[in-house]
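Student: Contents of query_29.txt (compact mmCIF, C-alpha atoms) are below:
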```
# COMPACT_ATOMS: atom_id res chain seq x y z
CA MET A 11 0.00 0.00 0.00
CA SER A 12 1.29 3.42 -0.84
CA SER A 13 1.82 5.91 1.94
CA ASN A 14 -0.57 8.04 -0.06
CA ALA A 15 -3.44 5.57 0.55
CA LYS A 16 -2.65 5.51 4.24
CA GLU A 17 -2.67 9.31 4.43
CA ARG A 18 -6.03 9.42 2.66
CA MET A 19 -7.44 6.85 5.10
CA LEU A 20 -6.27 8.93 8.08
CA LYS A 21 -7.65 12.09 6.51
CA ARG A 22 -10.97 10.37 5.82
CA ALA A 23 -11.25 9.25 9.47
CA ALA A 24 -10.35 12.76 10.67
CA ALA A 25 -13.23 14.15 8.58
CA ASP A 26 -15.72 12.34 10.86
CA ILE A 27 -14.52 14.31 13.88
CA ALA A 28 -17.19 16.99 14.16
CA PRO A 29 -17.18 20.28 16.08
CA GLY A 30 -18.13 19.88 19.74
CA MET A 31 -17.15 16.22 20.05
CA THR A 32 -15.07 14.56 22.75
CA VAL A 33 -12.90 12.00 20.97
CA ASN A 34 -10.38 9.35 21.96
CA LEU A 35 -7.67 8.23 19.54
CA GLY A 36 -6.27 4.77 20.35
CA ILE A 37 -2.71 3.49 20.02
CA GLY A 38 -1.29 3.03 16.53
CA LEU A 39 -2.99 4.35 13.42
CA PRO A 40 -5.72 6.24 15.35
CA THR A 41 -3.23 8.55 17.09
CA GLU A 42 -1.87 9.41 13.63
CA VAL A 43 -5.30 10.85 12.79
CA LEU A 44 -4.38 13.75 15.09
CA GLN A 45 -2.10 15.14 12.39
CA HIS A 46 -5.11 15.48 10.09
CA VAL A 47 -7.42 17.25 12.50
CA GLU A 48 -7.84 20.84 11.41
CA PRO A 49 -6.08 23.02 14.03
CA GLY A 50 -9.03 25.38 14.52
CA LEU A 51 -11.66 22.64 15.03
CA PRO A 52 -13.49 23.01 18.39
CA VAL A 53 -13.05 19.46 19.65
CA CYS A 54 -11.84 17.90 22.92
CA LEU A 55 -9.36 15.09 22.38
CA HIS A 56 -9.12 12.68 25.31
CA SER A 57 -6.05 10.54 25.95
CA GLU A 58 -6.39 7.53 28.25
CA ASN A 59 -3.24 8.40 30.20
CA GLY A 60 -5.02 11.37 31.73
CA ILE A 61 -5.51 14.27 29.33
CA ALA A 62 -8.59 16.13 28.11
CA GLY A 63 -7.71 18.70 25.48
CA VAL A 64 -4.75 17.07 23.73
CA GLY A 65 -2.90 19.58 21.54
CA PRO A 66 -0.70 19.11 18.46
CA VAL A 67 2.20 16.64 18.32
CA LEU A 68 5.61 18.21 18.96
CA SER A 69 9.02 17.31 17.57
CA PRO A 70 11.45 15.79 20.14
CA ASP A 71 13.43 19.04 20.45
CA LYS A 72 10.28 20.92 21.52
CA ALA A 73 8.78 18.07 23.58
CA ASP A 74 7.83 18.06 27.27
CA ARG A 75 9.21 14.73 28.57
CA ASN A 76 6.15 14.37 30.83
CA LEU A 77 3.51 14.94 28.18
CA ILE A 78 2.72 12.02 25.87
CA ASP A 79 -0.42 10.57 24.37
CA ALA A 80 -1.48 6.93 24.67
CA GLY A 81 0.76 5.96 21.77
CA GLY A 82 3.82 7.63 23.28
CA ALA A 83 3.90 10.61 20.91
CA TYR A 84 4.93 13.90 22.48
CA VAL A 85 1.87 16.10 22.46
CA SER A 86 1.14 19.58 23.76
CA ALA A 87 -1.31 21.34 26.01
CA ILE A 88 -3.67 23.97 24.60
CA PRO A 89 -5.61 26.65 26.49
CA GLY A 90 -8.06 24.71 28.68
CA THR A 91 -6.22 21.37 28.79
CA ALA A 92 -6.68 19.34 31.99
CA PHE A 93 -4.63 16.48 33.44
CA PHE A 94 -6.02 13.80 35.76
CA ASP A 95 -5.26 10.33 37.07
CA SER A 96 -6.07 7.07 35.27
CA ALA A 97 -9.21 6.35 37.34
CA VAL A 98 -10.74 9.71 36.37
CA SER A 99 -9.61 9.15 32.79
CA PHE A 100 -11.60 5.93 32.56
CA ALA A 101 -14.52 7.40 34.49
CA ILE A 102 -14.80 9.71 31.47
CA VAL A 103 -14.78 6.68 29.17
CA ARG A 104 -17.13 4.36 31.07
CA SER A 105 -19.71 7.00 31.91
CA GLY A 106 -20.30 7.65 28.21
CA ARG A 107 -18.63 11.04 27.79
CA LEU A 108 -16.83 10.03 24.59
CA ASP A 109 -18.71 10.83 21.39
CA LEU A 110 -16.24 8.89 19.28
CA SER A 111 -13.51 6.34 19.86
CA LEU A 112 -11.12 5.39 17.07
CA LEU A 113 -9.29 2.09 17.54
CA GLY A 114 -6.88 -0.17 15.71
CA ALA A 115 -7.70 -3.84 15.09
CA PHE A 116 -6.33 -7.29 14.32
CA GLU A 117 -9.81 -8.34 13.14
CA VAL A 118 -13.27 -6.77 12.83
CA ALA A 119 -16.40 -8.75 12.07
CA ALA A 120 -19.51 -7.90 10.08
CA ASN A 121 -21.49 -8.04 13.34
CA GLY A 122 -19.38 -5.30 14.95
CA ASP A 123 -17.16 -7.60 17.02
CA LEU A 124 -13.60 -6.38 17.54
CA ALA A 125 -10.38 -8.30 18.28
CA ASN A 126 -7.27 -6.26 18.95
CA TRP A 127 -5.45 -7.46 22.04
CA LYS A 128 -4.40 -11.07 21.84
CA ILE A 129 -2.95 -13.45 19.26
CA PRO A 130 -2.51 -16.49 21.50
CA GLY A 131 1.09 -17.74 21.70
CA LYS A 132 2.35 -15.13 19.23
CA PHE A 133 1.70 -11.48 19.90
CA SER A 134 -0.45 -10.54 22.86
CA PRO A 135 0.19 -6.90 23.61
CA GLY A 136 -2.75 -6.65 26.01
CA MET A 137 -5.87 -4.55 25.72
CA GLY A 138 -4.72 -1.33 27.34
CA GLY A 139 -7.86 0.77 27.41
CA ALA A 140 -9.41 -0.77 24.30
CA ILE A 141 -12.12 -2.83 25.96
CA GLU A 142 -13.60 0.19 27.70
CA LEU A 143 -13.11 2.47 24.71
CA ALA A 144 -14.88 -0.03 22.42
CA GLN A 145 -17.65 -0.82 24.84
CA LYS A 146 -18.56 2.63 26.11
CA ALA A 147 -17.95 5.30 23.47
CA ARG A 148 -21.14 6.46 21.75
CA ARG A 149 -19.60 5.69 18.36
CA VAL A 150 -16.71 3.37 17.63
CA GLY A 151 -14.58 3.54 14.50
CA VAL A 152 -11.85 1.10 13.56
CA ILE A 153 -8.90 2.27 11.47
CA MET A 154 -6.69 -0.40 9.97
CA MET A 155 -4.99 -1.67 6.85
CA HIS A 156 -7.54 -3.63 4.86
CA THR A 157 -5.44 -6.81 4.92
CA ASP A 158 -2.63 -8.16 7.11
CA ARG A 159 1.00 -8.33 5.97
CA ARG A 160 0.34 -11.60 4.12
CA GLY A 161 -2.67 -10.13 2.34
CA ASN A 162 -5.27 -11.94 4.44
CA PRO A 163 -8.54 -10.11 5.09
CA LYS A 164 -8.95 -8.47 8.49
CA ILE A 165 -12.65 -7.83 7.96
CA LEU A 166 -14.32 -11.17 8.59
CA ASP A 167 -17.76 -12.66 8.93
CA ARG A 168 -16.84 -13.61 12.52
CA CYS A 169 -13.66 -12.90 14.49
CA THR A 170 -11.32 -15.83 15.10
CA LEU A 171 -9.21 -14.16 17.81
CA PRO A 172 -10.18 -13.47 21.45
CA LEU A 173 -12.62 -10.56 21.48
CA THR A 174 -12.09 -7.07 22.81
CA ALA A 175 -15.79 -6.19 22.62
CA ARG A 176 -18.93 -7.67 21.15
CA GLY A 177 -20.94 -5.78 18.56
CA HIS A 178 -19.78 -2.26 19.33
CA VAL A 179 -17.99 -1.20 16.12
CA ASN A 180 -20.03 1.24 13.99
CA ARG A 181 -17.65 2.14 11.19
CA ILE A 182 -14.47 0.76 9.57
CA TYR A 183 -11.89 2.88 7.75
CA THR A 184 -9.25 1.10 5.70
CA ASP A 185 -6.84 2.03 2.94
CA MET A 186 -9.41 0.54 0.51
CA ALA A 187 -12.85 1.51 1.79
CA VAL A 188 -15.21 2.86 4.44
CA PHE A 189 -17.86 0.46 5.75
CA ASP A 190 -20.67 0.89 8.23
CA ILE A 191 -21.85 -1.96 10.39
CA THR A 192 -25.63 -1.99 10.30
CA ALA A 193 -28.45 -4.30 11.39
CA ASP A 194 -28.32 -5.70 7.83
CA GLY A 195 -24.59 -6.37 8.03
CA LEU A 196 -21.67 -4.68 6.37
CA GLN A 197 -22.56 -1.67 4.22
CA LEU A 198 -20.01 -0.21 1.81
CA ARG A 199 -20.08 3.61 2.03
CA GLU A 200 -16.99 4.83 0.21
CA ILE A 201 -14.16 3.37 -1.82
CA ALA A 202 -10.55 4.55 -2.09
CA LEU A 203 -9.25 6.13 -5.28
CA GLY A 204 -7.62 3.43 -7.36
CA THR A 205 -9.53 0.55 -5.75
CA ASP A 206 -12.24 -1.35 -7.64
CA LEU A 207 -15.07 -3.49 -6.32
CA THR A 208 -13.58 -6.79 -7.51
CA GLU A 209 -10.35 -6.11 -5.65
CA LEU A 210 -12.28 -5.00 -2.59
CA ARG A 211 -14.43 -8.17 -2.54
CA ALA A 212 -11.33 -10.35 -2.87
CA ALA A 213 -9.66 -8.57 0.06
CA THR A 214 -12.72 -8.66 2.36
CA GLY A 215 -13.61 -11.77 4.36
CA ALA A 216 -17.32 -11.02 4.64
CA PRO A 217 -20.10 -10.16 2.17
CA PHE A 218 -21.14 -6.51 2.05
CA HIS A 219 -23.94 -4.44 0.57
CA VAL A 220 -23.08 -2.05 -2.24
CA PRO A 221 -25.30 1.02 -2.76
CA ASP A 222 -27.01 1.54 -6.14
CA GLN A 223 -25.75 5.08 -6.61
CA ASP A 224 -22.14 6.04 -7.33
CA LEU A 225 -19.76 5.45 -4.46
CA PRO A 226 -17.96 8.46 -3.05
CA ARG A 227 -14.18 8.21 -3.46
CA PHE A 228 -11.62 9.28 -0.88
CA MET B 17 2.05 22.00 65.29
CA THR B 18 4.19 20.69 62.50
CA LEU B 19 3.77 17.75 60.14
CA PRO B 20 6.04 14.69 60.46
CA ASP B 21 9.19 14.46 58.36
CA LYS B 22 9.22 11.29 56.22
CA ARG B 23 12.40 11.86 54.26
CA GLY B 24 14.58 8.78 53.95
CA THR B 25 17.35 7.23 51.91
CA ILE B 26 16.63 5.22 48.78
CA GLU B 27 18.73 2.26 50.05
CA GLU B 28 16.86 1.92 53.31
CA ALA B 29 13.43 2.46 51.75
CA ILE B 30 13.92 -0.24 49.11
CA SER B 31 15.57 -2.66 51.56
CA ALA B 32 12.13 -3.32 53.06
CA ILE B 33 11.11 -5.10 49.83
CA GLY B 34 11.83 -8.81 50.17
CA ASP B 35 11.48 -11.90 48.00
CA GLY B 36 7.90 -12.60 46.96
CA ALA B 37 6.63 -9.05 47.58
CA SER B 38 3.97 -7.41 45.45
CA VAL B 39 5.08 -4.04 44.11
CA MET B 40 3.05 -1.40 42.31
CA LEU B 41 4.97 0.87 39.96
CA GLY B 42 3.52 4.20 38.85
CA GLY B 43 3.81 5.47 35.30
CA PHE B 44 2.34 5.21 31.84
CA GLY B 45 5.28 4.78 29.50
CA VAL B 46 8.12 7.00 30.70
CA PRO B 47 6.13 9.79 32.41
CA GLY B 48 5.61 8.96 36.07
CA THR B 49 7.75 5.80 36.10
CA PRO B 50 9.97 5.77 39.22
CA PHE B 51 13.13 4.72 37.40
CA CYS B 52 15.54 5.49 40.26
CA LEU B 53 13.52 3.43 42.75
CA ILE B 54 13.32 0.59 40.21
CA ARG B 55 17.07 0.80 39.59
CA GLU B 56 17.65 0.46 43.34
CA LEU B 57 15.25 -2.49 43.43
CA VAL B 58 17.38 -4.13 40.72
CA ARG B 59 20.57 -3.37 42.67
CA GLN B 60 19.20 -4.94 45.88
CA GLY B 61 17.73 -7.82 43.89
CA PRO B 62 14.69 -9.30 45.68
CA ARG B 63 13.17 -12.06 43.55
CA ASN B 64 9.87 -13.71 42.80
CA LEU B 65 8.13 -10.33 42.71
CA THR B 66 4.59 -9.62 41.60
CA VAL B 67 4.83 -6.38 39.65
CA ILE B 68 1.74 -4.28 39.04
CA LYS B 69 2.18 -1.60 36.41
CA ASN B 70 0.08 -0.24 33.56
CA ASP B 71 2.69 -1.26 30.99
CA ALA B 72 6.07 -2.99 30.83
CA ASN B 73 7.94 0.13 29.64
CA GLU B 74 10.21 -0.49 26.65
CA ALA B 75 13.39 -2.50 26.09
CA GLY B 76 16.21 -1.27 28.31
CA MET B 77 14.17 0.73 30.79
CA GLY B 78 12.19 0.40 34.03
CA VAL B 79 10.20 -2.84 34.21
CA ASP B 80 12.52 -4.28 31.57
CA TRP B 81 15.48 -4.07 34.01
CA LEU B 82 13.53 -6.20 36.51
CA LEU B 83 12.52 -8.69 33.81
CA GLU B 84 16.05 -9.03 32.43
CA ASN B 85 17.37 -9.50 35.97
CA GLY B 86 14.96 -12.41 36.56
CA GLN B 87 13.20 -10.74 39.50
CA VAL B 88 9.63 -10.93 38.21
CA ALA B 89 7.37 -13.96 38.67
CA ARG B 90 4.10 -12.29 37.81
CA LEU B 91 3.07 -9.14 36.01
CA ILE B 92 -0.37 -7.57 36.39
CA THR B 93 -0.74 -5.04 33.59
CA SER B 94 -2.91 -3.69 30.79
CA HIS B 95 -0.41 -3.52 27.91
CA ILE B 96 3.07 -4.89 27.17
CA GLY B 97 3.12 -4.30 23.41
CA LEU B 98 6.18 -2.03 23.48
CA ASN B 99 8.37 -4.53 25.37
CA PRO B 100 9.42 -7.58 23.30
CA THR B 101 11.20 -9.07 26.35
CA ALA B 102 7.95 -9.15 28.32
CA ILE B 103 6.10 -10.79 25.41
CA ARG B 104 8.85 -13.38 24.93
CA MET B 105 9.03 -14.24 28.65
CA MET B 106 5.23 -14.56 28.75
CA ASN B 107 5.17 -16.81 25.67
CA GLU B 108 7.95 -18.97 27.14
CA GLY B 109 6.11 -19.26 30.45
CA VAL B 110 8.98 -17.63 32.38
CA ILE B 111 6.62 -15.00 33.78
CA GLU B 112 2.90 -15.13 34.36
CA VAL B 113 1.02 -12.17 32.90
CA GLU B 114 -2.46 -11.13 34.01
CA PHE B 115 -3.99 -8.63 31.59
CA VAL B 116 -6.53 -6.23 33.09
CA PRO B 117 -8.42 -3.59 31.09
CA GLN B 118 -6.67 -0.32 31.88
CA GLY B 119 -9.55 1.47 33.55
CA ILE B 120 -10.47 -1.65 35.52
CA LEU B 121 -6.86 -1.91 36.67
CA ALA B 122 -7.01 1.74 37.78
CA GLU B 123 -10.37 1.23 39.48
CA ARG B 124 -9.33 -1.98 41.27
CA ILE B 125 -6.33 -0.09 42.65
CA ARG B 126 -8.42 2.97 43.52
CA THR B 127 -10.96 0.70 45.24
CA ALA B 128 -8.25 -0.84 47.43
CA GLY B 129 -6.93 2.61 48.26
CA ALA B 130 -10.44 3.70 49.21
CA GLY B 131 -10.73 0.82 51.67
CA MET B 132 -13.31 -1.08 49.64
CA MET B 133 -13.44 -4.74 48.66
CA GLY B 134 -14.61 -4.56 45.06
CA PHE B 135 -17.11 -3.25 42.52
CA VAL B 136 -19.45 -4.43 39.78
CA THR B 137 -18.98 -3.53 36.12
CA ASP B 138 -20.15 -4.68 32.68
CA ILE B 139 -16.71 -4.08 31.17
CA GLY B 140 -15.44 -7.26 29.52
CA LEU B 141 -18.77 -9.11 29.47
CA GLY B 142 -18.76 -11.64 26.65
CA THR B 143 -14.98 -11.52 26.26
CA PRO B 144 -12.22 -13.71 27.74
CA ILE B 145 -11.87 -11.07 30.50
CA GLU B 146 -15.00 -12.53 32.04
CA GLU B 147 -13.40 -15.88 32.90
CA GLY B 148 -13.33 -16.70 36.59
CA LYS B 149 -15.34 -13.66 37.67
CA PRO B 150 -18.72 -14.05 39.36
CA ARG B 151 -21.65 -12.61 37.37
CA ILE B 152 -23.84 -10.30 39.42
CA ALA B 153 -27.43 -9.35 38.52
CA MET B 154 -28.27 -5.81 39.56
CA ASP B 155 -31.10 -3.45 38.56
CA GLY B 156 -32.02 -5.74 35.67
CA ARG B 157 -28.48 -5.67 34.27
CA THR B 158 -25.60 -8.11 34.45
CA GLY B 159 -22.15 -7.21 35.68
CA LEU B 160 -18.91 -8.83 36.75
CA LEU B 161 -17.50 -8.66 40.25
CA GLU B 162 -14.07 -7.07 40.23
CA THR B 163 -11.99 -7.25 43.39
CA ALA B 164 -9.83 -4.55 44.93
CA LEU B 165 -6.13 -4.79 44.08
CA ARG B 166 -3.65 -3.89 46.81
CA ALA B 167 0.07 -4.44 47.13
CA ASP B 168 2.80 -4.65 49.73
CA PHE B 169 4.64 -1.67 48.25
CA ALA B 170 4.01 1.18 45.83
CA LEU B 171 6.90 2.99 44.14
CA ILE B 172 5.81 6.43 43.03
CA HIS B 173 7.33 9.26 41.00
CA ALA B 174 6.34 12.84 41.81
CA ASP B 175 7.43 16.17 40.44
CA ARG B 176 7.38 17.95 43.78
CA ALA B 177 7.10 16.71 47.36
CA ASP B 178 7.42 18.19 50.79
CA ALA B 179 8.88 16.34 53.77
CA PHE B 180 5.44 15.11 54.86
CA GLY B 181 4.86 13.54 51.44
CA ASN B 182 2.33 15.94 49.97
CA LEU B 183 2.76 15.49 46.24
CA SER B 184 2.21 17.20 42.96
CA PHE B 185 2.62 15.52 39.60
CA SER B 186 3.64 16.83 36.23
CA ALA B 187 1.35 16.74 33.14
CA SER B 188 0.63 13.14 32.04
CA ALA B 189 3.05 11.78 34.69
CA ARG B 190 0.18 11.61 37.19
CA ASN B 191 -1.58 8.54 35.68
CA PHE B 192 -1.48 5.61 38.17
CA ASN B 193 0.76 7.31 40.74
CA PRO B 194 -1.79 8.77 43.17
CA LEU B 195 -3.98 5.63 42.93
CA MET B 196 -1.13 3.24 43.67
CA ALA B 197 0.17 5.46 46.45
CA MET B 198 -3.17 4.92 48.20
CA ALA B 199 -3.36 1.16 47.63
CA ALA B 200 -0.13 -0.18 49.15
CA ARG B 201 0.84 -1.06 52.69
CA LYS B 202 4.06 0.93 52.24
CA THR B 203 4.41 3.74 49.75
CA ILE B 204 7.79 5.09 48.71
CA VAL B 205 8.02 8.28 46.66
CA GLU B 206 10.88 9.63 44.59
CA ALA B 207 10.55 13.36 44.03
CA GLU B 208 12.34 15.48 41.45
CA ARG B 209 12.16 18.50 43.71
CA MET B 210 11.81 18.70 47.49
CA VAL B 211 10.04 21.84 48.61
CA PRO B 212 9.53 23.24 52.13
CA LEU B 213 6.28 22.46 53.96
CA GLY B 214 3.73 25.00 52.80
CA ALA B 215 5.41 25.63 49.46
CA LEU B 216 2.81 23.43 47.80
CA LEU B 217 -0.35 25.43 48.32
CA PRO B 218 -3.03 23.31 50.05
CA GLU B 219 -5.24 23.73 46.98
CA HIS B 220 -2.47 22.47 44.72
CA VAL B 221 -1.63 19.25 46.53
CA HIS B 222 -2.55 16.39 44.16
CA LEU B 223 -2.12 13.71 46.84
CA SER B 224 -2.00 14.16 50.59
CA GLY B 225 1.08 12.96 52.45
CA THR B 226 -1.20 10.87 54.67
CA PHE B 227 -0.76 8.08 52.11
CA ILE B 228 3.03 8.28 52.01
CA ASP B 229 5.58 6.42 54.13
CA THR B 230 8.94 7.52 52.75
CA VAL B 231 10.02 10.41 50.54
CA VAL B 232 13.30 10.14 48.65
CA GLU B 233 14.76 13.20 46.97
CA LEU B 234 16.31 12.57 43.57
CA THR B 235 19.73 14.18 43.43
CA GLU B 236 20.07 13.51 39.71
CA LEU B 237 17.67 12.76 36.88
CA PRO B 238 19.24 10.06 34.68
CA GLU B 239 18.77 10.15 30.93
CA VAL B 240 16.02 7.51 31.03
CA TYR B 241 13.59 10.20 32.24
CA GLY B 242 14.21 12.28 29.15
CA VAL B 243 12.56 12.59 25.78
CA ILE B 244 12.91 9.39 23.74
CA GLN B 245 14.51 10.07 20.35
CA ARG B 246 12.71 7.79 17.91
```
Would you mind writing the structure in this file as structure tokens?

Tutor:
Amino acid sequence: MSSNAKERMLKRAAADIAPGMTVNLGIGLPTEVLQHVEPGLPVCLHSENGIAGVGPVLSPDKADRNLIDAGGAYVSAIPGTAFFDSAVSFAIVRSGRLDLSLLGAFEVAANGDLANWKIPGKFSPGMGGAIELAQKARRVGVIMMHTDRRGNPKILDRCTLPLTARGHVNRIYTDMAVFDITADGLQLREIALGTDLTELRAATGAPFHVPDQDLPRF
Amino acid sequence: MTLPDKRGTIEEAISAIGDGASVMLGGFGVPGTPFCLIRELVRQGPRNLTVIKNDANEAGMGVDWLLENGQVARLITSHIGLNPTAIRMMNEGVIEVEFVPQGILAERIRTAGAGMMGFVTDIGLGTPIEEGKPRIAMDGRTGLLETALRADFALIHADRADAFGNLSFSASARNFNPLMAMAARKTIVEAERMVPLGALLPEHVHLSGTFIDTVVELTELPEVYGVIQR
């Protein structure tokens, strides 16, 4: 995948961050969305390590050694930023204060199930805050490469790995497409420039609905 | 009246930690990790420890020193993805790892520090996290019983401390520190700056010294506390 496709995916996810929202960006690709959030947008970014009002990422020479986001990037404070402990941070999450949570994934299923913390015997990084972020945010978006390094689909009919949360994912952003998870299953919403439907079907491990009208490109 | 003076040496404070102890370590990544206290724990070398920390730091720092030195039997944590040593030792069965969702880890620690026995939550229902936890029906909903998590010792990093142990934390270095400080039988703090009693305004104290047993002043701040150049 070209870095261009990745940038467009991040930009597309950033476009769903609306004025007034409180948003959490998870470890990995989601924290990279921050670079595509328009600086003037009135939005409160929450970071699980105890920040509400995360500001722009700083280069190491300008960084505050005590101010990182969940992914370890050096971020900044903006006027109105608050710091708190980890219990308060997750009180914000569990009590439903997050309008949107963006998470990475190993697998996502057509029923909204998410697996992103454990590949038994191989790579089990742990869930960090992902279970609570997936279960309690009002909307949950997954951002990931459409396939794994070997080209296997990561969007499946049912997850094969241990679950992070059951049925909570609303939207999936990949380098190839944007899908919504609806009561009728997977719904294709948008398709990446340079991707065609045949390719997309071959790279997706679950059937999906395609709208009759022209698909928006991103 | 004056408040008690709890200042002590790092050697004596850490010497209380023996084989088989459970030890909470503050920090999320680098910010708030008590590297100097951990380094002293490595130097004194008690073994078979249960370590409770949000994450396993990264290769060559903090928790990794304890792992490489063979001092850890069990790790209770939410995320070890940035430490390949921790993942390898877990996969090889050299250490036992208990993964706890981050906010549940924080809340179990907070609950212990608040003198409570546990709480009920729906977090993790229908996932492997549920295994071994009693299901509780309440108000027409189902939850899991989560128990309080306490430890023998908590090692804490603060920005500023006074001799009584009143603390203030810097930016995102607060994280698990005040929670763990409340949840251990003995709490040892390393402070970057010691200030006179009263210099921290009462309104600006993030954690009262009532929870603190020993305050150690850091005379140097090794490179490991600095900005990581990636």

Student: May I have the residues within 9 Å of region 164-173 of chain A as a PyMOL selection string, using only C-alpha atoms and disregarding those fewer than 5 positions away in the same chain?

Tutor: (chain A and resi 115-121+123-130+141+154-158+182+213-217) or (chain B and resi 142-144)

Student: Output C-alpha atoms for every residue in that selection, as a short mmCIF file (atom, residue, chain, number, x, y, z; two decimals), in the frame of the given file.

Tutor:
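Contents of the output file result01.cif:
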```cif
data_model
loop_
_atom_site.label_atom_id
_atom_site.label_comp_id
_atom_site.auth_asym_id
_atom_site.auth_seq_id
_atom_site.Cartn_x
_atom_site.Cartn_y
_atom_site.Cartn_z
CA ALA A 115 -7.70 -3.84 15.09
CA PHE A 116 -6.33 -7.29 14.32
CA GLU A 117 -9.81 -8.34 13.14
CA VAL A 118 -13.27 -6.77 12.83
CA ALA A 119 -16.40 -8.75 12.07
CA ALA A 120 -19.51 -7.90 10.08
CA ASN A 121 -21.49 -8.04 13.34
CA ASP A 123 -17.16 -7.60 17.02
CA LEU A 124 -13.60 -6.38 17.54
CA ALA A 125 -10.38 -8.30 18.28
CA ASN A 126 -7.27 -6.26 18.95
CA TRP A 127 -5.45 -7.46 22.04
CA LYS A 128 -4.40 -11.07 21.84
CA ILE A 129 -2.95 -13.45 19.26
CA PRO A 130 -2.51 -16.49 21.50
CA ILE A 141 -12.12 -2.83 25.96
CA MET A 154 -6.69 -0.40 9.97
CA MET A 155 -4.99 -1.67 6.85
CA HIS A 156 -7.54 -3.63 4.86
CA THR A 157 -5.44 -6.81 4.92
CA ASP A 158 -2.63 -8.16 7.11
CA ILE A 182 -14.47 0.76 9.57
CA ALA A 213 -9.66 -8.57 0.06
CA THR A 214 -12.72 -8.66 2.36
CA GLY A 215 -13.61 -11.77 4.36
CA ALA A 216 -17.32 -11.02 4.64
CA PRO A 217 -20.10 -10.16 2.17
CA GLY B 142 -18.76 -11.64 26.65
CA THR B 143 -14.98 -11.52 26.26
CA PRO B 144 -12.22 -13.71 27.74
#
```

Student: Output as an MDAnalysis selection string the set of chain B residues within 9 Å of chain A, with distances taken over only C-alpha atoms.

Tutor: chainID B and resid 44:48 70:71 93:99 103:104 106:108 115:123 125:126 139:145 186:195 241:246

Student: Please enclose the listed atoms of region 50-56 of chain A in an axis-aligned box, pad each side by 8 Å, and write out the centre and the three edge lengths in Å, rounded to one decimal, as lines of an AutoDock Vina configuration file.

Tutor:
```
center_x = -11.3
center_y = 19.0
center_z = 19.9
size_x = 20.5
size_y = 28.7
size_z = 26.8
```

Student: List as a ChimeraX atom specification the protein and nucleic acid residues near Glu114 (chain B), meaning an atom at most 8 Å away when all atoms listed in the file are counted, but skip any in the same chain fewer than 4 places from it.

Tutor: /B:90-93

Student: What separation in Å, quoted to one decimal, exists between CA of Asp185 (chain A) and CA of Asp26 (chain A)?

Tutor: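 Distance reported for this atom pair: 15.7 Å.
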
Student: Measure the distance from CA of Met19 (chain A) to CA of Pro52 (chain A) in Å and round it to one decimal.

Tutor: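 Between CA of Met19 (chain A) and CA of Pro52 (chain A) the gap is 21.8 Å.
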
Student: In Å to one decimal, how far is CA of Arg227 (chain A) from CA of Ile201 (chain A)?

Tutor: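 For CA of Ile201 (chain A) relative to CA of Arg227 (chain A), the distance reads 5.1 Å.
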
Student: Determine the nearest neighbour of Leu165 (chain B) from the options B:Met133, B:Met105, B:Ala207, B:Val110, counting all atoms listed in the file.

Tutor: B:Met133

Student: Can you tell me, as a ChimeraX atom specification, what residues are no more than 6 Å from Val152 (chain A) when counting only C-alpha atoms, ignoring any on the same chain fewer than 5 positions away?

Tutor: /A:112-114,182

Student: Write the residues of the preceding selection, restricted to C-alpha atoms, as a JSON list (two decimals), in the coordinates of the input.

Tutor:
```json
[["chain", "number", "residue", "atom", "x", "y", "z"],
["A", 112, "LEU", "CA", -11.12, 5.39, 17.07],
["A", 113, "LEU", "CA", -9.29, 2.09, 17.54],
["A", 114, "GLY", "CA", -6.88, -0.17, 15.71],
["A", 182, "ILE", "CA", -14.47, 0.76, 9.57]]
```

Student: Would you mind telling me which residue in B:Asp80, B:Glu208, B:Asp168, B:Asp138 lies nearest to Leu234 (chain B) when using all atoms listed in the file?

Tutor: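 Looking at the shortest contact to Leu234 (chain B), the residue is B:Glu208.
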
Student: Compare A:Gly122, A:Ala202, A:Asp194, A:Ser105 by their minimum atom-to-atom distance to Gly177 (chain A), counting all atoms listed in the file, and give me the closest one.

Tutor: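 Closest residue, counting all atoms listed in the file: A:Gly122.
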
Student: Taking (7.3, 14.6, 41.4) in the file's own coordinates, collect the residues within 8 Å, counting all atoms listed in the file, and hand them back as a list in words.

Tutor: Gly48, His173, Ala174, Asp175, Arg176, Ala177, Leu183, Ser184, Phe185, Ser186, Glu206, Ala207, Glu208 and Arg209 of chain B

Student: Please provide as a ChimeraX atom specification all residues within 12 Å of region 54-60 of chain B, with the sequence filter that same-chain residues fewer than 6 positions apart are discarded (counting only C-alpha atoms).

Tutor: /B:25-35,37,39-43,67,69,73,76-88,169-173,204-206,232,238,240

Student: For Leu39 (chain A), which residue among A:Val67, A:Leu110, A:Thr184, A:Val220 is the nearest when counting all atoms listed in the file?

Tutor: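 Between A:Val67, A:Leu110, A:Thr184, A:Val220, the residue approaching Leu39 (chain A) most closely is A:Thr184.
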
Student: Could you tell me which of A:Asp190, A:Asp109, A:Glu200, A:Glu17 comes closest to Phe228 (chain A) if we count all atoms listed in the file?

Tutor: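 Nearest candidate to Phe228 (chain A) out of A:Asp190, A:Asp109, A:Glu200, A:Glu17: A:Glu200.
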